[in-house]
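Participant: File data-v2.txt follows (compact mmCIF, C-alpha atoms):
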# COMPACT_ATOMS: atom_id res chain seq x y z
CA MET A 1 37.26 89.54 196.69
CA LYS A 2 35.48 87.29 199.16
CA ASN A 3 36.60 84.18 197.25
CA ILE A 4 40.21 85.38 197.23
CA PHE A 5 40.10 85.98 200.97
CA ILE A 6 38.62 82.52 201.60
CA GLY A 7 41.29 80.96 199.38
CA LEU A 8 44.06 82.77 201.25
CA ILE A 9 42.70 81.57 204.59
CA ALA A 10 42.45 78.00 203.28
CA VAL A 11 46.00 77.82 201.89
CA TRP A 12 47.73 79.37 204.86
CA GLY A 13 45.42 77.72 207.34
CA LEU A 14 46.71 74.41 206.02
CA PHE A 15 50.23 75.49 206.84
CA LEU A 16 49.35 76.63 210.37
CA VAL A 17 47.62 73.34 211.10
CA SER A 18 50.62 71.46 209.74
CA CYS A 19 52.93 73.23 212.19
CA GLU A 20 51.27 71.32 215.01
CA THR A 21 51.48 67.97 213.22
CA ARG A 22 54.39 67.94 210.77
CA GLU A 23 53.18 68.14 207.21
CA SER A 24 53.70 65.12 205.02
CA MET A 25 55.78 65.69 201.90
CA ALA A 26 52.63 65.20 199.83
CA GLU A 27 50.94 68.03 201.75
CA VAL A 28 53.95 70.30 201.28
CA ILE A 29 53.88 69.62 197.54
CA GLU A 30 50.16 70.29 197.14
CA ARG A 31 50.30 73.47 199.20
CA GLY A 32 53.31 74.71 197.26
CA LEU A 33 51.63 74.02 193.93
CA GLU A 34 48.41 75.72 195.03
CA VAL A 35 50.22 78.87 196.14
CA SER A 36 52.27 78.77 192.93
CA LYS A 37 49.16 78.55 190.75
CA ARG A 38 47.41 81.43 192.50
CA GLN A 39 50.51 83.62 192.38
CA ALA A 40 51.24 82.85 188.73
CA VAL A 41 47.70 83.66 187.61
CA PHE A 42 47.76 86.86 189.66
CA LEU A 43 51.05 87.88 188.02
CA ALA A 44 49.85 86.87 184.55
CA LYS A 45 46.88 89.19 184.90
CA GLU A 46 49.10 92.03 186.11
CA VAL A 47 51.30 91.92 183.00
CA GLU A 48 48.71 90.70 180.47
CA ASN A 49 48.12 94.10 178.86
CA GLN A 50 51.79 95.12 178.79
CA LYS A 51 52.55 94.18 175.21
CA GLY A 52 55.61 92.00 174.81
CA ARG A 53 56.58 92.17 178.48
CA LEU A 54 57.57 89.26 180.73
CA PRO A 55 57.89 89.27 184.54
CA ARG A 56 61.43 89.54 185.89
CA THR A 57 61.33 90.58 189.57
CA TYR A 58 59.62 92.73 192.17
CA GLU A 59 61.90 95.27 193.80
CA GLY A 60 61.25 98.33 195.93
CA GLY A 61 57.51 97.85 195.61
CA GLU A 62 57.75 97.87 191.81
CA LEU A 63 57.13 95.06 189.32
CA LYS A 64 60.08 94.81 186.91
CA THR A 65 59.63 93.24 183.48
CA SER A 66 61.76 92.47 180.43
CA ASP A 67 61.22 91.67 176.79
CA TYR A 68 62.25 88.56 174.86
CA ARG A 69 65.92 89.60 174.76
CA ALA A 70 66.52 89.01 178.48
CA TRP A 71 67.98 85.65 179.46
CA ILE A 72 65.13 85.17 181.92
CA SER A 73 62.36 85.61 179.34
CA GLY A 74 61.39 81.93 179.11
CA PHE A 75 60.95 81.21 182.81
CA PHE A 76 57.52 82.72 183.48
CA PRO A 77 55.93 80.98 180.48
CA GLY A 78 57.61 77.80 181.73
CA VAL A 79 56.07 78.23 185.18
CA LEU A 80 52.64 78.55 183.57
CA TRP A 81 53.16 75.44 181.45
CA TYR A 82 54.26 73.42 184.49
CA LEU A 83 51.23 74.57 186.45
CA TYR A 84 49.00 73.75 183.50
CA GLU A 85 50.52 70.28 183.46
CA ASN A 86 49.53 69.86 187.10
CA THR A 87 46.10 71.52 186.77
CA PRO A 88 45.08 71.65 183.08
CA THR A 89 42.68 74.60 183.07
CA ASP A 90 41.80 76.78 180.08
CA GLU A 91 42.99 79.85 181.97
CA LEU A 92 46.46 78.49 182.62
CA LYS A 93 46.82 77.29 179.03
CA ARG A 94 45.73 80.65 177.65
CA TYR A 95 48.27 82.50 179.75
CA ALA A 96 51.01 79.96 179.00
CA GLU A 97 50.41 80.42 175.26
CA LEU A 98 50.23 84.21 175.57
CA TYR A 99 53.54 84.58 177.39
CA THR A 100 55.27 81.90 175.31
CA GLU A 101 54.40 83.85 172.18
CA ARG A 102 56.17 86.89 173.64
CA VAL A 103 59.48 85.01 173.64
CA GLU A 104 59.38 83.87 169.99
CA SER A 105 61.65 86.55 168.54
CA ALA A 106 64.50 85.18 170.64
CA LYS A 107 64.85 82.35 168.14
CA ASP A 108 66.89 84.54 165.80
CA MET A 109 69.35 85.77 168.43
CA THR A 110 72.96 84.69 167.85
CA THR A 111 74.43 86.99 170.50
CA THR A 112 73.54 84.83 173.52
CA HIS A 113 74.12 81.31 174.85
CA ASP A 114 70.90 81.45 176.87
CA LEU A 115 68.52 80.22 174.17
CA GLY A 116 67.95 77.03 176.12
CA PHE A 117 66.65 79.00 179.09
CA MET A 118 64.69 81.28 176.80
CA LEU A 119 63.16 78.79 174.36
CA TYR A 120 63.27 75.35 175.96
CA CYS A 121 61.64 76.42 179.24
CA SER A 122 58.84 78.12 177.31
CA PHE A 123 58.38 76.52 173.88
CA GLY A 124 59.87 73.21 175.01
CA ASN A 125 57.38 72.71 177.81
CA GLY A 126 54.63 74.03 175.57
CA TYR A 127 55.48 71.56 172.81
CA ARG A 128 55.65 68.69 175.29
CA LEU A 129 52.19 69.48 176.65
CA ALA A 130 50.32 70.99 173.69
CA LYS A 131 52.17 69.43 170.71
CA ASN A 132 51.87 72.67 168.74
CA PRO A 133 54.06 72.08 165.64
CA HIS A 134 54.88 75.79 165.44
CA TYR A 135 56.64 75.51 168.80
CA LEU A 136 58.98 72.91 167.34
CA GLU A 137 59.67 75.15 164.34
CA VAL A 138 60.63 78.01 166.68
CA MET A 139 62.97 75.80 168.68
CA THR A 140 64.58 74.38 165.53
CA VAL A 141 65.51 77.88 164.38
CA GLY A 142 66.67 78.76 167.90
CA ALA A 143 68.92 75.73 168.13
CA GLU A 144 70.66 76.70 164.91
CA SER A 145 71.12 80.21 166.29
CA LEU A 146 72.74 78.75 169.40
CA ALA A 147 74.93 76.45 167.30
CA THR A 148 76.59 79.49 165.67
CA ARG A 149 78.34 80.10 169.02
CA TYR A 150 80.11 76.74 169.01
CA ASP A 151 83.84 76.80 168.27
CA GLU A 152 85.51 73.65 167.00
CA ARG A 153 88.94 74.59 168.36
CA VAL A 154 87.71 75.28 171.89
CA LYS A 155 85.02 72.58 171.59
CA ALA A 156 82.55 74.69 173.53
CA ILE A 157 79.73 77.16 173.09
CA LYS A 158 80.72 80.76 173.72
CA SER A 159 78.72 82.25 176.56
CA TRP A 160 79.42 85.98 176.39
CA ASN A 161 81.05 88.05 173.73
CA SER A 162 84.77 88.82 173.85
CA ASN A 163 86.12 91.81 175.74
CA GLU A 164 89.45 93.09 177.09
CA LYS A 165 89.47 90.44 179.81
CA TRP A 166 88.05 87.37 178.07
CA GLN A 167 88.72 85.94 174.59
CA PHE A 168 86.20 83.08 174.63
CA PRO A 169 84.31 83.13 177.95
CA VAL A 170 82.33 80.07 179.00
CA ILE A 171 80.25 80.22 182.17
CA ILE A 172 79.03 77.25 184.17
CA ASP A 173 75.44 78.43 183.56
CA ASN A 174 75.88 77.31 179.94
CA MET A 175 75.53 73.67 181.03
CA MET A 176 71.82 74.39 181.41
CA ASN A 177 71.38 75.20 177.72
CA LEU A 178 72.66 71.84 176.51
CA GLU A 179 69.37 70.04 177.20
CA PHE A 180 67.80 72.23 174.51
CA LEU A 181 70.28 70.91 171.94
CA PHE A 182 69.75 67.30 173.02
CA PHE A 183 66.00 67.70 172.67
CA LEU A 184 66.29 69.08 169.14
CA ALA A 185 68.83 66.43 168.15
CA LYS A 186 66.52 63.63 169.31
CA THR A 187 63.40 65.23 167.85
CA THR A 188 64.75 66.29 164.46
CA GLY A 189 67.58 63.77 164.01
CA GLU A 190 70.19 66.56 163.83
CA LYS A 191 72.97 64.67 165.64
CA ARG A 192 75.42 67.54 165.09
CA LEU A 193 73.64 69.43 167.89
CA MET A 194 74.02 66.47 170.25
CA ASN A 195 77.74 66.25 169.51
CA MET A 196 78.16 69.98 170.20
CA ALA A 197 76.43 69.64 173.55
CA ASP A 198 78.50 66.62 174.54
CA SER A 199 81.76 68.32 173.52
CA HIS A 200 80.84 71.41 175.54
CA ALA A 201 80.13 69.28 178.61
CA GLN A 202 83.47 67.45 178.20
CA THR A 203 85.41 70.71 177.88
CA THR A 204 83.67 72.13 180.95
CA LEU A 205 84.36 68.93 182.87
CA ARG A 206 88.09 69.25 182.19
CA HIS A 207 88.57 72.92 182.96
CA HIS A 208 85.80 74.33 185.16
CA PHE A 209 86.29 72.32 188.36
CA ARG A 210 88.70 72.52 191.26
CA ASP A 211 90.07 69.57 193.22
CA ASP A 212 87.19 69.75 195.72
CA TYR A 213 84.62 69.70 192.84
CA SER A 214 83.52 73.26 193.35
CA CYS A 215 83.47 75.15 190.08
CA TYR A 216 84.65 78.43 188.66
CA HIS A 217 81.98 80.73 187.30
CA VAL A 218 83.91 81.84 184.20
CA VAL A 219 86.63 80.10 182.21
CA SER A 220 87.92 81.95 179.17
CA TYR A 221 89.76 80.08 176.43
CA ASP A 222 92.52 81.21 174.12
CA THR A 223 91.03 81.11 170.65
CA LEU A 224 94.28 79.90 169.04
CA SER A 225 95.28 77.10 171.42
CA GLY A 226 91.79 76.29 172.70
CA GLN A 227 93.21 76.21 176.24
CA PRO A 228 92.07 78.30 179.25
CA HIS A 229 93.80 81.63 179.80
CA PHE A 230 91.53 82.81 182.65
CA LYS A 231 89.60 81.13 185.45
CA GLY A 232 87.54 83.24 187.81
CA THR A 233 84.20 84.76 188.56
CA HIS A 234 81.81 87.48 187.51
CA GLN A 235 78.91 87.00 189.93
CA GLY A 236 80.63 85.18 192.79
CA TYR A 237 82.50 86.67 195.76
CA ALA A 238 86.00 85.93 194.43
CA ASP A 239 87.74 84.06 191.62
CA ASN A 240 88.33 81.05 193.88
CA SER A 241 85.03 81.15 195.77
CA ALA A 242 82.03 78.88 195.26
CA TRP A 243 79.18 81.00 193.91
CA ALA A 244 76.08 79.14 195.06
CA ARG A 245 74.03 79.27 191.90
CA GLY A 246 77.07 78.22 189.90
CA GLN A 247 77.35 75.05 191.97
CA ALA A 248 73.63 74.50 191.38
CA TRP A 249 74.01 74.86 187.60
CA ALA A 250 76.87 72.33 187.68
CA LEU A 251 74.89 69.81 189.71
CA TYR A 252 71.80 70.09 187.54
CA GLY A 253 73.75 70.23 184.29
CA TYR A 254 75.81 67.07 184.79
CA THR A 255 72.82 65.17 186.16
CA MET A 256 70.98 66.05 182.96
CA MET A 257 74.00 65.07 180.85
CA TYR A 258 74.06 61.62 182.42
CA ARG A 259 70.35 61.22 181.75
CA GLU A 260 70.85 62.19 178.10
CA THR A 261 74.05 60.25 177.35
CA GLY A 262 74.40 57.49 179.95
CA LYS A 263 78.09 58.41 180.31
CA THR A 264 79.27 57.47 183.79
CA GLU A 265 81.73 60.36 184.03
CA TYR A 266 78.78 62.74 184.05
CA LEU A 267 77.05 60.82 186.83
CA GLU A 268 80.27 60.82 188.86
CA GLN A 269 80.67 64.55 188.37
CA ALA A 270 77.10 65.22 189.47
CA ARG A 271 77.59 63.03 192.55
CA LYS A 272 80.80 64.82 193.51
CA VAL A 273 79.24 68.27 193.11
CA ALA A 274 76.23 67.13 195.14
CA SER A 275 78.56 65.86 197.86
CA TYR A 276 80.42 69.17 197.90
CA ILE A 277 77.14 71.04 198.42
CA LYS A 278 75.69 68.63 200.96
CA ASN A 279 78.79 68.51 203.15
CA HIS A 280 79.84 72.14 202.95
CA PRO A 281 80.29 73.61 206.45
CA ASN A 282 78.66 76.87 205.33
CA LEU A 283 75.42 75.25 204.13
CA PRO A 284 72.85 76.50 206.68
CA ASP A 285 70.62 74.21 208.72
CA ASP A 286 67.61 75.00 206.53
CA LYS A 287 69.72 74.05 203.45
CA ILE A 288 69.08 77.34 201.63
CA PRO A 289 72.59 78.45 200.66
CA TYR A 290 74.12 81.86 201.07
CA TRP A 291 74.61 83.59 197.71
CA ASP A 292 78.26 82.40 197.81
CA PHE A 293 79.55 79.58 199.99
CA ASP A 294 82.60 81.73 200.76
CA ALA A 295 80.88 85.09 201.34
CA PRO A 296 82.89 86.91 204.02
CA ASP A 297 79.88 88.09 206.04
CA ILE A 298 78.29 84.68 206.69
CA PRO A 299 75.92 84.26 208.55
CA ALA A 300 74.70 87.77 207.69
CA ALA A 301 75.12 87.20 203.94
CA PRO A 302 71.93 87.05 201.84
CA ARG A 303 70.47 83.64 201.07
CA ASP A 304 69.72 82.61 197.50
CA ALA A 305 66.43 80.77 197.12
CA SER A 306 67.04 80.47 193.37
CA ALA A 307 70.18 78.41 193.99
CA ALA A 308 68.27 76.19 196.42
CA ALA A 309 65.45 75.64 193.92
CA VAL A 310 67.87 74.62 191.16
CA MET A 311 69.75 72.36 193.56
CA ALA A 312 66.56 70.71 194.80
CA SER A 313 65.31 69.97 191.29
CA GLY A 314 68.69 68.57 190.25
CA LEU A 315 69.02 66.50 193.42
CA ILE A 316 65.60 64.92 192.92
CA GLU A 317 66.60 63.73 189.46
CA LEU A 318 70.03 62.64 190.65
CA SER A 319 68.45 60.58 193.43
CA GLN A 320 66.68 58.50 190.79
CA LEU A 321 69.69 58.09 188.50
CA ASP A 322 72.26 57.36 191.20
CA LYS A 323 71.83 53.71 192.19
CA SER A 324 74.42 53.92 194.96
CA LYS A 325 73.47 54.20 198.64
CA GLU A 326 73.89 57.96 198.32
CA GLY A 327 70.80 58.22 196.13
CA ALA A 328 68.61 58.44 199.21
CA ASP A 329 70.83 61.22 200.61
CA TRP A 330 70.25 63.40 197.56
CA LEU A 331 66.48 63.01 197.89
CA GLU A 332 66.60 63.76 201.61
CA LEU A 333 68.53 66.99 201.01
CA ALA A 334 66.13 68.03 198.23
CA GLU A 335 63.12 67.44 200.46
CA MET A 336 64.70 69.54 203.21
CA GLN A 337 65.23 72.36 200.73
CA ILE A 338 61.66 72.09 199.45
CA ARG A 339 60.28 72.17 203.01
CA SER A 340 62.28 75.34 203.68
CA LEU A 341 61.29 76.98 200.40
CA SER A 342 57.65 76.12 201.16
CA SER A 343 57.78 77.75 204.59
CA PRO A 344 56.59 81.32 205.28
CA GLU A 345 60.23 82.43 205.31
CA TYR A 346 60.54 81.86 201.55
CA LEU A 347 57.07 81.17 200.09
CA ALA A 348 55.11 84.34 199.45
CA GLU A 349 51.69 84.99 200.90
CA LEU A 350 48.98 85.22 198.27
CA GLU A 351 48.92 88.43 196.20
CA THR A 352 52.13 89.72 197.77
CA ASN A 353 55.71 89.66 196.46
CA GLY A 354 54.49 91.17 193.19
CA GLY A 355 52.86 87.85 192.31
CA PHE A 356 56.14 85.91 192.39
CA ILE A 357 56.23 82.63 194.28
CA LEU A 358 59.50 82.68 196.23
CA LYS A 359 61.19 85.42 198.25
CA HIS A 360 64.89 85.97 199.00
CA SER A 361 66.85 85.29 195.83
CA VAL A 362 70.03 86.97 194.63
CA GLY A 363 70.71 87.96 191.02
CA ASN A 364 74.11 89.68 190.82
CA TYR A 365 75.33 90.63 194.28
CA ASN A 366 78.53 92.22 192.98
CA LYS A 367 76.56 94.80 191.01
CA ASN A 368 73.95 95.20 193.75
CA SER A 369 71.47 93.98 191.15
CA GLU A 370 68.38 92.02 192.24
CA VAL A 371 69.58 91.26 195.78
CA ASP A 372 67.07 89.73 198.22
CA VAL A 373 64.20 89.83 195.72
CA PRO A 374 61.96 87.32 193.94
CA LEU A 375 63.23 86.04 190.60
CA SER A 376 61.38 84.25 187.80
CA TYR A 377 63.95 81.46 187.56
CA ALA A 378 63.70 80.70 191.28
CA ASP A 379 59.97 80.17 190.73
CA TYR A 380 60.55 77.99 187.67
CA TYR A 381 62.88 75.52 189.34
CA TYR A 382 60.81 75.47 192.53
CA VAL A 383 57.70 74.44 190.59
CA GLU A 384 59.74 71.94 188.57
CA ALA A 385 61.07 70.43 191.80
CA LEU A 386 57.56 70.18 193.24
CA LEU A 387 56.36 68.34 190.15
CA ARG A 388 59.33 65.99 190.18
CA LEU A 389 58.65 65.18 193.83
CA LYS A 390 54.96 64.71 193.13
CA LYS A 391 55.77 62.26 190.34
CA LEU A 392 57.96 60.26 192.74
CA GLN A 393 55.20 60.27 195.33
CA ASN A 394 52.69 58.95 192.78
CA GLU A 395 55.07 56.21 191.63
CA ASN A 396 55.64 54.90 195.14
Please express the file's structure as structure tokens.

Facilitator:
Amino acid sequence: MKNIFIGLIAVWGLFLVSCETRESMAEVIERGLEVSKRQAVFLAKEVENQKGRLPRTYEGGELKTSDYRAWISGFFPGVLWYLYENTPTDELKRYAELYTERVESAKDMTTTHDLGFMLYCSFGNGYRLAKNPHYLEVMTVGAESLATRYDERVKAIKSWNSNEKWQFPVIIDNMMNLEFLFFLAKTTGEKRLMNMADSHAQTTLRHHFRDDYSCYHVVSYDTLSGQPHFKGTHQGYADNSAWARGQAWALYGYTMMYRETGKTEYLEQARKVASYIKNHPNLPDDKIPYWDFDAPDIPAAPRDASAAAVMASGLIELSQLDKSKEGADWLELAEMQIRSLSSPEYLAELETNGGFILKHSVGNYNKNSEVDVPLSYADYYYVEALLRLKKLQNEN
């Protein structure tokens, strides 16, 4: 207990000192990673003996978990792998392996498009760092499961199952699962997966975006013509509004697609989405977006730290791929977001917040589900962004 107390004083004392003399970015990164490590280990211990369970959120003073079937199942193992990459301790590796194992059954699921989130964030990072051949076997099966959702007529991967409203719904979130297919295609030589991912990105590019480069959340396609019959939202404020996390998925997704393919149309799309976010009049001064850029109760609307974390990570990568003069602008915005996320307003104090790293995220506002709570995917992309920034710092 004494050591925990001393550690808490040390971490937060660093922040208080830095308020008098502005923290360098390197100091922000190290403090953020230290808090993240302590929180993740604390949370890992809390859930360790709950067989098959994975942390989801902390709401109303209660830790909420899920099993492998939830779309968020891969994020906590991914956080542990990232932290192990930064500080390779036996404890972090043991927990990363333990929680990764709990996601394995997802590999056989053909009812979801989220297998990239579920398997690549967990097994993908684990394979990259530990080179466990079983991890590659799991991902290979999972990629084939995901491929069953691809439709040649629509030339996209089906996100959700059909219902009365949607024939073939595709959500912008699905851009994030394409990296999983690219990884497997490059690793196993199965080019068919790469072609599926590229076709999906092309279809989304044509139909998901408005003239100002904001994006719809959901586009549903007619299964006979392959053309859209519905464009709207499920988690945003309105069909024509800009749901913040959706814009983040688009930014990150097309940045990744340019990295994987070298196609300039993907870079241009990422740049235009980034510009939309950066210049939006409703982006607050601290650069942590409201849950929807068009929420009617701004500035009282809830912020979404998860959207900011995804944006920051995507912007950091975009800043290195975009060789135009705007490259520096993307990095500057990302660093502003990371400074805000690493402030007491958003970064949890040690052993609070249920063990999660960030506060103030929004899951599904429309259903009053997970509003103003910590979320495992906010933590994942925050830690990823910290590591990307740290790599840049070390290269310069």

Participant: Leaving out A:Lys367 and any residue of its chain fewer than 3 positions from it, which residues lie within 12 Å of it when counting all atoms listed in the file, given as a short mmCIF file (atom, residue, chain, number, x, y, z; two decimals) with C-alpha atoms, in the coordinates of the input?

Facilitator:
data_model
loop_
_atom_site.label_atom_id
_atom_site.label_comp_id
_atom_site.auth_asym_id
_atom_site.auth_seq_id
_atom_site.Cartn_x
_atom_site.Cartn_y
_atom_site.Cartn_z
CA HIS A 234 81.81 87.48 187.51
CA GLN A 235 78.91 87.00 189.93
CA GLY A 236 80.63 85.18 192.79
CA TYR A 237 82.50 86.67 195.76
CA VAL A 362 70.03 86.97 194.63
CA GLY A 363 70.71 87.96 191.02
CA ASN A 364 74.11 89.68 190.82
CA GLU A 370 68.38 92.02 192.24
CA VAL A 371 69.58 91.26 195.78
#

Participant: Go through stretch 232-344 of chain A and flag each residue having an atom no more than 9 Å from stretch 198-216 of chain A; for those, report the closest pair of atoms plus their distance in Å to one decimal, using only C-alpha atoms, ordered by chain and rising number, as a tab-separated table.

Facilitator:
residue	atom	partner	partner_atom	distance
A:Gly232	CA	A:Tyr216	CA	5.7
A:Thr233	CA	A:Tyr216	CA	6.3
A:Gly236	CA	A:Tyr216	CA	8.9
A:Asp239	CA	A:Tyr216	CA	7.1
A:Asn240	CA	A:Tyr216	CA	6.9
A:Ser241	CA	A:Tyr216	CA	7.6
A:Ala242	CA	A:Ser214	CA	6.1
A:Trp243	CA	A:Tyr216	CA	8.0
A:Gly246	CA	A:Cys215	CA	7.1
A:Gln247	CA	A:Cys215	CA	6.4
A:Ala250	CA	A:Cys215	CA	7.6
A:Gly253	CA	A:Ala201	CA	8.6
A:Tyr254	CA	A:Ala201	CA	7.9
A:Met257	CA	A:Ala201	CA	7.8
A:Thr261	CA	A:Asp198	CA	8.3
A:Tyr266	CA	A:Leu205	CA	8.4
A:Gln269	CA	A:Tyr213	CA	7.9
A:Lys272	CA	A:Tyr213	CA	6.2
A:Val273	CA	A:Tyr213	CA	5.6
A:Ser275	CA	A:Tyr213	CA	8.8
A:Tyr276	CA	A:Tyr213	CA	6.6
A:Ile277	CA	A:Ser214	CA	8.4

Participant: If we count all atoms listed in the file and set the cut-off at 8 Å, which residues sit around stretch 91-97 of chain A, ignoring sequence neighbours fewer than 2 positions away in its own chain? Please answer as a list in words.

Facilitator: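 Using all atoms listed in the file, the neighbours found are Val41, Ala44, Pro77, Gly78, Leu80, Trp81, Leu83, Tyr84, Pro88, Thr89, Tyr99, Thr100, Glu101 and Gly126 of chain A.
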
Participant: Which of these residues is nearest to A:Phe180, using all atoms listed in the file: A:Leu63, A:Leu119, A:Leu136, A:Val219?

Facilitator: A:Leu119

Participant: Mind pulling up the distance from atom CA of A:Phe293 to atom CA of A:Ala238?

Facilitator: 10.6 Å

Participant: Can you find the residues with an atom no farther than 12 Å from (68.9, 66.6, 169.2), counting all atoms listed in the file, and report them as a PDB file with C-alpha atoms, keeping the file's coordinate frame?

Facilitator:
ATOM      1  CA  LEU A 136      58.980  72.910 167.340  1.00  0.00           C
ATOM      2  CA  MET A 139      62.970  75.800 168.680  1.00  0.00           C
ATOM      3  CA  THR A 140      64.580  74.380 165.530  1.00  0.00           C
ATOM      4  CA  ALA A 143      68.920  75.730 168.130  1.00  0.00           C
ATOM      5  CA  GLU A 144      70.660  76.700 164.910  1.00  0.00           C
ATOM      6  CA  ALA A 147      74.930  76.450 167.300  1.00  0.00           C
ATOM      7  CA  LEU A 178      72.660  71.840 176.510  1.00  0.00           C
ATOM      8  CA  GLU A 179      69.370  70.040 177.200  1.00  0.00           C
ATOM      9  CA  PHE A 180      67.800  72.230 174.510  1.00  0.00           C
ATOM     10  CA  LEU A 181      70.280  70.910 171.940  1.00  0.00           C
ATOM     11  CA  PHE A 182      69.750  67.300 173.020  1.00  0.00           C
ATOM     12  CA  PHE A 183      66.000  67.700 172.670  1.00  0.00           C
ATOM     13  CA  LEU A 184      66.290  69.080 169.140  1.00  0.00           C
ATOM     14  CA  ALA A 185      68.830  66.430 168.150  1.00  0.00           C
ATOM     15  CA  LYS A 186      66.520  63.630 169.310  1.00  0.00           C
ATOM     16  CA  THR A 187      63.400  65.230 167.850  1.00  0.00           C
ATOM     17  CA  THR A 188      64.750  66.290 164.460  1.00  0.00           C
ATOM     18  CA  GLY A 189      67.580  63.770 164.010  1.00  0.00           C
ATOM     19  CA  GLU A 190      70.190  66.560 163.830  1.00  0.00           C
ATOM     20  CA  LYS A 191      72.970  64.670 165.640  1.00  0.00           C
ATOM     21  CA  ARG A 192      75.420  67.540 165.090  1.00  0.00           C
ATOM     22  CA  LEU A 193      73.640  69.430 167.890  1.00  0.00           C
ATOM     23  CA  MET A 194      74.020  66.470 170.250  1.00  0.00           C
ATOM     24  CA  ASN A 195      77.740  66.250 169.510  1.00  0.00           C
ATOM     25  CA  MET A 196      78.160  69.980 170.200  1.00  0.00           C
ATOM     26  CA  ALA A 197      76.430  69.640 173.550  1.00  0.00           C
ATOM     27  CA  ASP A 198      78.500  66.620 174.540  1.00  0.00           C
ATOM     28  CA  GLU A 260      70.850  62.190 178.100  1.00  0.00           C
ATOM     29  CA  THR A 261      74.050  60.250 177.350  1.00  0.00           C
TER      30      THR A 261
END

Participant: So that I can see what lies close to stretch 305-319 of chain A, please list as a PyMOL selection string the residues with an atom at most 6 Å from it, counting all atoms listed in the file and leaving out residues fewer than 3 positions away in the same chain.

Facilitator: chain A and resi 245+248+252+255+288+322+327+330-331+334+360-361+378+381-382+385

Participant: Excluding same-chain residues fewer than 6 positions from stretch 102-111 of chain A, what lies within 6 Å of it counting all atoms listed in the file, as a VMD selection string?

Facilitator: chain A and resid 52 68 141 to 142 145

Participant: Mind rebuilding stretch 177-181 of chain A with all heavy atoms and writing that out as a compact mmCIF listing (two decimals), keeping the file's coordinate frame?

Facilitator:
# COMPACT_ATOMS: atom_id res chain seq x y z
N ASN A 177 71.92 75.04 179.06
CA ASN A 177 71.38 75.20 177.72
C ASN A 177 71.60 73.99 176.82
O ASN A 177 71.10 73.94 175.70
CB ASN A 177 71.98 76.47 177.09
CG ASN A 177 71.52 77.73 177.80
OD1 ASN A 177 70.33 78.04 177.83
ND2 ASN A 177 72.45 78.45 178.40
N LEU A 178 72.34 73.01 177.33
CA LEU A 178 72.66 71.84 176.51
C LEU A 178 71.45 70.92 176.33
O LEU A 178 71.34 70.24 175.31
CB LEU A 178 73.82 71.07 177.13
CG LEU A 178 75.11 71.87 177.38
CD1 LEU A 178 76.19 70.95 177.92
CD2 LEU A 178 75.57 72.59 176.12
N GLU A 179 70.55 70.89 177.31
CA GLU A 179 69.37 70.04 177.20
C GLU A 179 68.53 70.43 175.98
O GLU A 179 67.92 69.58 175.33
CB GLU A 179 68.53 70.14 178.48
CG GLU A 179 67.37 69.16 178.53
CD GLU A 179 66.67 69.15 179.88
OE1 GLU A 179 66.98 69.99 180.74
OE2 GLU A 179 65.80 68.27 180.07
N PHE A 180 68.51 71.71 175.68
CA PHE A 180 67.80 72.23 174.51
C PHE A 180 68.35 71.58 173.24
O PHE A 180 67.58 71.13 172.36
CB PHE A 180 67.99 73.75 174.49
CG PHE A 180 67.39 74.46 173.31
CD1 PHE A 180 66.09 74.25 172.92
CD2 PHE A 180 68.15 75.41 172.62
CE1 PHE A 180 65.53 74.95 171.85
CE2 PHE A 180 67.62 76.11 171.56
CZ PHE A 180 66.30 75.88 171.16
N LEU A 181 69.67 71.50 173.13
CA LEU A 181 70.28 70.91 171.94
C LEU A 181 70.02 69.40 171.87
O LEU A 181 69.78 68.87 170.78
CB LEU A 181 71.79 71.18 171.95
CG LEU A 181 72.19 72.66 171.85
CD1 LEU A 181 73.71 72.80 171.89
CD2 LEU A 181 71.62 73.30 170.58
